[in-house]
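Have a look at the structure below, then the notes.
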Amino acid sequence: MKLSKKIIAATMTLITSLSMTISEARSNKKPFTSTIMHKLEVDTVDSGGTLLFSDSPEYVTDNGILYTDVVEGDARILFYHLNESNVKKRIAVVVENVSDKFNTVDITRGVMSKPSADFLEVGKSVQSEYMSKQYHNSVYMLKGDKKLLVDDISSYLIKPGQLVYGIYDFFAAHSVKVSVLMYPQAADPLAFSDWAKIFPKDEQRLRGTYNNMNRIITSRKVYDPDKDGISYIMLADDVNDLFKIGVDSTDSSEVKNVGNYGINYTINLKTKSPTRICLSPLGGVYAGAVRVNYKGKSKMIPTPKDKIYFGDKTPKEPESVQKAREEGLSILTNYTELAELGIYEGDVSIEYSPPGASNLPVNIVLMPVDKK
């Protein structure tokens, strides 16, 4: 079999990085074991409605409109903001019927965190509820009507230093203008939205409107743990899994969703025999949840299960390891942190979305069940 230039290059860089990692482990007087992993080839298709992502400014110092745009059909709103002022605030999502018809907005799924200064706990709790619970509500509007998308959101008081994070999927029968507001605690959000100014984006520029809010990743072949050994699928690295490009409706500038926050992934796998599947963080501290669909049943799995977060003990990848991983080879060591997703045989589907406050990218790792 003729090896590609990429695999040859990846092998050489991986050998170099392994020797460096072993030396580092020895200096720490800890045992070191490692196994080569191969990238599992996949096909990727983006589909679905429109994502409105409101995360700029992330640290909000005043009152105003954080993001706004007009959508129709299937849509998702994700907002992630921290009260950086010195007084309590409220947040709201206002929908305005900008069509000339009677309009209905049906919320099909969603959750918002209680305000908190524990960012990782907020991120994990939102992901866990989003992956496990259903939410149904409908908003009915005559022409020109303004209403709250979800009444409960505006009931929370956000103290200085606290974060709020919410995700809602909905279907708008006709065009609606959606606006995310942070406003004074005693104000009426609907009246406030009539005169509020739009905040300028911060340097991170993480807000925008993105088409095709869902990503379907399907393995090209049946994974055979006996023949394929340990394999991995990269998520949210902008090399193997590209970040979405969109538009900031407030100034028409092009924006990149660094991290693909608010994008819902469906990862379709087929295994020949029982396979252990794990999630491994590569960018640092991580706290989230996934939903696994298997043999007609669905369950939410926290990542990790036994504590709020993990990833803080995984050593930072040397540049050579990162490059080798991007080209198709990586290493699984006894230093690698893994969140167990379970053992599966046959068809299995994993629903994943990058959680707020967590670091990326992550690996989905497939391996024989006897690997520890």
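We label chains A, B, ... in the order they appear in the structure tokens, count residues from 1 in each chain, and number ligands from 1 in the order shown.
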**OP:** Looking only at helix (DSSP H, G or I) from DSSP on the backbone, list the matching residues of range 84-237 of chain A as a VMD selection string.
**Re:** chain A and resid 119 to 132 151 to 155 189 to 195 225 to 228
Using only C-alpha atoms, which protein or nucleic acid residues come within 9 Å of Tyr130 in chain A? Drop anything in the same chain fewer than 6 positions from it, and give the result as a JSON list (two decimals) with N, CA, C and O atoms, in the first residue's frame.
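Below is the file selection30.json, written as the result:
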[["chain", "number", "residue", "atom", "x", "y", "z"],
["A", 109, "ARG", "N", -37.88, 23.72, 21.07],
["A", 109, "ARG", "CA", -36.84, 23.20, 21.97],
["A", 109, "ARG", "C", -36.11, 24.39, 22.57],
["A", 109, "ARG", "O", -35.95, 25.42, 21.92],
["A", 110, "GLY", "N", -35.66, 24.28, 23.82],
["A", 110, "GLY", "CA", -34.89, 25.39, 24.35],
["A", 110, "GLY", "C", -34.72, 25.39, 25.84],
["A", 110, "GLY", "O", -35.42, 24.69, 26.58],
["A", 111, "VAL", "N", -33.78, 26.23, 26.28],
["A", 111, "VAL", "CA", -33.48, 26.36, 27.70],
["A", 111, "VAL", "C", -32.65, 27.63, 27.90],
["A", 111, "VAL", "O", -31.93, 28.07, 27.00],
["A", 112, "MET", "N", -32.79, 28.22, 29.09],
["A", 112, "MET", "CA", -31.90, 29.30, 29.49],
["A", 112, "MET", "C", -31.40, 29.03, 30.89],
["A", 112, "MET", "O", -32.16, 28.56, 31.75],
["A", 167, "ILE", "N", -30.47, 28.90, 24.62],
["A", 167, "ILE", "CA", -30.63, 28.38, 23.25],
["A", 167, "ILE", "C", -32.10, 28.04, 23.05],
["A", 167, "ILE", "O", -32.69, 27.32, 23.87],
["A", 168, "TYR", "N", -32.68, 28.54, 21.95],
["A", 168, "TYR", "CA", -34.07, 28.22, 21.63],
["A", 168, "TYR", "C", -34.20, 27.94, 20.13],
["A", 168, "TYR", "O", -33.75, 28.73, 19.30],
["A", 289, "ALA", "N", -22.44, 18.21, 27.31],
["A", 289, "ALA", "CA", -23.31, 17.04, 27.29],
["A", 289, "ALA", "C", -23.60, 16.68, 25.84],
["A", 289, "ALA", "O", -23.55, 17.54, 24.95]]
From the options A:Asp251, A:Glu351, A:Asp152, A:Asp62, which residue's atoms come nearest to Val290 in chain A, counting only C-alpha atoms?
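Using only C-alpha atoms, the shortest distance to Val290 in chain A belongs to A:Glu351.
The spacing separating CA of Val321 in chain A from CA of Leu282 in chain A amounts to 11.1 Å.
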Go through A:Pro361, A:Gly283, A:Pro368, A:Gly208 one by one, measure the shortest atom-to-atom distance of each to Asp69 in chain A using only C-alpha atoms, and give the residue with the smallest value.
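Between A:Pro361, A:Gly283, A:Pro368, A:Gly208, the residue approaching Asp69 in chain A most closely is A:Gly208.
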Min atom-atom distance to Ile153 in chain A from the set A:Arg205, A:Lys177, A:Lys305, A:Lys89, counting only C-alpha atoms, belongs to A:Lys89
- Query: So what do you get for CA of Pro281 in chain A versus CA of Gly229 in chain A, distance-wise?
  - Reply: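 For CA of Pro281 in chain A relative to CA of Gly229 in chain A, the distance reads 20.0 Å.
Across the model, the gap from CA of Ile245 in chain A to CA of Lys39 in chain A is 24.8 Å.
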Can you pull out the residues contacting range 232-238 of chain A? Cut-off 6 Å, using only C-alpha atoms, and skip same-chain residues under 2 positions away; I want them as a PyMOL selection string. chain A and resi 39-40+241-243+259+361-365
Residues of the last selection are to be written out with N, CA, C and O atoms, as a compact mmCIF listing (two decimals), in the first residue's frame.
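Result file follows (part.txt):
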# COMPACT_ATOMS: atom_id res chain seq x y z
N LYS A 39 -7.29 8.89 11.86
CA LYS A 39 -8.51 9.67 11.62
C LYS A 39 -9.52 8.84 10.85
O LYS A 39 -9.19 8.18 9.87
N LEU A 40 -10.76 8.85 11.31
CA LEU A 40 -11.85 8.16 10.64
C LEU A 40 -12.41 9.11 9.57
O LEU A 40 -12.81 10.24 9.88
N ASP A 241 -12.94 20.13 10.47
CA ASP A 241 -14.32 20.53 10.71
C ASP A 241 -14.37 22.06 10.69
O ASP A 241 -14.01 22.71 11.67
N LEU A 242 -14.78 22.61 9.57
CA LEU A 242 -14.65 24.05 9.34
C LEU A 242 -15.67 24.85 10.15
O LEU A 242 -16.80 24.43 10.37
N PHE A 243 -15.24 26.05 10.57
CA PHE A 243 -16.14 26.98 11.24
C PHE A 243 -17.07 27.62 10.21
O PHE A 243 -16.69 27.87 9.07
N GLY A 259 -15.57 28.28 16.76
CA GLY A 259 -16.06 27.32 17.72
C GLY A 259 -17.35 26.64 17.29
O GLY A 259 -17.76 25.64 17.87
N PRO A 361 -10.64 22.37 20.15
CA PRO A 361 -11.54 21.38 19.61
C PRO A 361 -11.69 20.17 20.53
O PRO A 361 -11.09 20.12 21.61
N VAL A 362 -12.49 19.19 20.06
CA VAL A 362 -12.62 17.92 20.76
C VAL A 362 -12.47 16.78 19.77
O VAL A 362 -12.68 16.95 18.56
N ASN A 363 -12.12 15.61 20.29
CA ASN A 363 -12.10 14.37 19.52
C ASN A 363 -13.26 13.49 19.93
O ASN A 363 -13.54 13.37 21.13
N ILE A 364 -13.91 12.85 18.97
CA ILE A 364 -14.75 11.69 19.26
C ILE A 364 -13.87 10.48 18.96
O ILE A 364 -13.39 10.32 17.83
N VAL A 365 -13.64 9.66 19.97
CA VAL A 365 -12.70 8.55 19.86
C VAL A 365 -13.45 7.22 19.86
O VAL A 365 -14.31 6.98 20.71
Practice problem: Find the residue from A:Met141, A:Val122, A:Ala92, A:Ile217 that sits nearest to Gly64 in chain A; use only C-alpha atoms when measuring. | Solution: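 Looking at the shortest contact to Gly64 in chain A, the residue is A:Ala92.
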Exercise. Name the residues of range 86-328 of chain A that come out as strand (DSSP E) in a backbone DSSP run; write them as a ChimeraX atom specification.
Key: /A:89-97,103-112,137-141,146-148,163-184,207-211,214-219,230-235,244-248,253-257,264-281,288-294,297-303
Using only C-alpha atoms, the residue out of A:Ser349, A:Ser330, A:Thr33, A:Glu58 with shortest distance to Thr266 in chain A is A:Ser349
- Task: Would you list the contacts of Gln204 in chain A as a VMD selection string, taking every protein, DNA or RNA residue within 8 Å and counting only C-alpha atoms, but skipping same-chain residues closer than 2 positions in sequence?
- Result: chain A and resid 56 to 57 201 to 202 206
Which neighbours of Asp188 in chain A fall inside 12 Å, counting only C-alpha atoms, when residues of the same chain fewer than 6 positions from it are skipped, and could you give them as number ranges by chain? A: 90-92, 94, 146-148, 154-155, 181-182, 194-196
Can you write just those residues out, N, CA and C atoms, as a tab-separated table (two decimals), in the first residue's frame?
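Written output follows (out-v7.tsv):
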chain	number	residue	atom	x	y	z
A	90	ARG	N	-31.59	42.92	33.22
A	90	ARG	CA	-32.41	41.82	32.72
A	90	ARG	C	-32.08	41.59	31.25
A	91	ILE	N	-32.42	40.39	30.77
A	91	ILE	CA	-32.22	40.07	29.36
A	91	ILE	C	-33.54	39.56	28.80
A	92	ALA	N	-33.76	39.80	27.51
A	92	ALA	CA	-35.00	39.35	26.87
A	92	ALA	C	-34.74	39.09	25.40
A	94	VAL	N	-36.96	39.51	22.06
A	94	VAL	CA	-38.20	40.10	21.56
A	94	VAL	C	-38.38	39.69	20.10
A	146	LYS	N	-45.32	43.05	18.81
A	146	LYS	CA	-44.06	42.67	19.45
A	146	LYS	C	-44.39	41.86	20.69
A	147	LYS	N	-43.67	40.76	20.86
A	147	LYS	CA	-43.88	39.95	22.05
A	147	LYS	C	-42.56	39.34	22.49
A	148	LEU	N	-42.55	38.83	23.73
A	148	LEU	CA	-41.38	38.10	24.21
A	148	LEU	C	-41.40	36.69	23.64
A	154	SER	N	-37.09	37.04	30.88
A	154	SER	CA	-37.00	38.40	31.42
A	154	SER	C	-37.26	38.46	32.92
A	155	SER	N	-37.67	37.36	33.54
A	155	SER	CA	-37.95	37.38	34.98
A	155	SER	C	-36.68	37.33	35.82
A	181	LEU	N	-31.97	41.69	23.98
A	181	LEU	CA	-31.79	42.95	24.72
A	181	LEU	C	-31.19	42.70	26.08
A	182	MET	N	-30.34	43.62	26.53
A	182	MET	CA	-30.05	43.74	27.96
A	182	MET	C	-30.55	45.11	28.37
A	194	ASP	N	-38.17	49.68	21.44
A	194	ASP	CA	-38.56	50.69	20.45
A	194	ASP	C	-37.49	51.76	20.25
A	195	TRP	N	-36.73	52.03	21.30
A	195	TRP	CA	-35.76	53.13	21.19
A	195	TRP	C	-34.32	52.70	21.52
A	196	ALA	N	-34.12	51.47	21.93
A	196	ALA	CA	-32.78	51.02	22.32
A	196	ALA	C	-31.82	51.05	21.13
| request: Choose the residue, out of A:Tyr67, A:Tyr309, A:Tyr210, A:Phe199, that has the smallest atom-to-atom separation from Ser125 in chain A; count only C-alpha atoms. | output: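 Comparing A:Tyr67, A:Tyr309, A:Tyr210, A:Phe199 against Ser125 in chain A, the winner is A:Tyr309.
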Give me the residues within 9 Å of Tyr294 in chain A as a list in words, counting only C-alpha atoms and dropping any in the same chain fewer than 5 places off. Lys299, Tyr344, Gly346, Asp347, Val348, Ser349 and Ile350 of chain A
_Can you pull out the residues contacting Ser113 in chain A? Cut-off 7 Å, using only C-alpha atoms, and skip same-chain residues under 4 positions away; I want them as a PyMOL selection string._
chain A and resi 122+126+164-166
Take the residues just selected and output them with N, CA, C and O atoms as an mmCIF file, in the first residue's frame.
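Listed below is the output, part-v4.cif:
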data_model
loop_
_atom_site.group_PDB
_atom_site.id
_atom_site.type_symbol
_atom_site.label_atom_id
_atom_site.label_comp_id
_atom_site.auth_asym_id
_atom_site.auth_seq_id
_atom_site.Cartn_x
_atom_site.Cartn_y
_atom_site.Cartn_z
ATOM 1 N N VAL A 122 -22.749 26.867 34.218
ATOM 2 C CA VAL A 122 -23.796 27.406 33.347
ATOM 3 C C VAL A 122 -23.764 26.690 31.996
ATOM 4 O O VAL A 122 -24.798 26.231 31.484
ATOM 5 N N VAL A 126 -26.916 24.157 30.726
ATOM 6 C CA VAL A 126 -27.694 24.473 29.521
ATOM 7 C C VAL A 126 -27.607 23.333 28.519
ATOM 8 O O VAL A 126 -28.614 22.886 27.960
ATOM 9 N N VAL A 164 -25.480 34.852 31.534
ATOM 10 C CA VAL A 164 -26.701 34.178 31.104
ATOM 11 C C VAL A 164 -26.449 33.567 29.727
ATOM 12 O O VAL A 164 -25.775 34.143 28.881
ATOM 13 N N TYR A 165 -27.013 32.362 29.539
ATOM 14 C CA TYR A 165 -26.760 31.577 28.342
ATOM 15 C C TYR A 165 -28.048 30.869 27.982
ATOM 16 O O TYR A 165 -28.643 30.189 28.822
ATOM 17 N N GLY A 166 -28.502 31.046 26.756
ATOM 18 C CA GLY A 166 -29.750 30.412 26.350
ATOM 19 C C GLY A 166 -29.727 29.963 24.904
ATOM 20 O O GLY A 166 -29.035 30.551 24.061
#
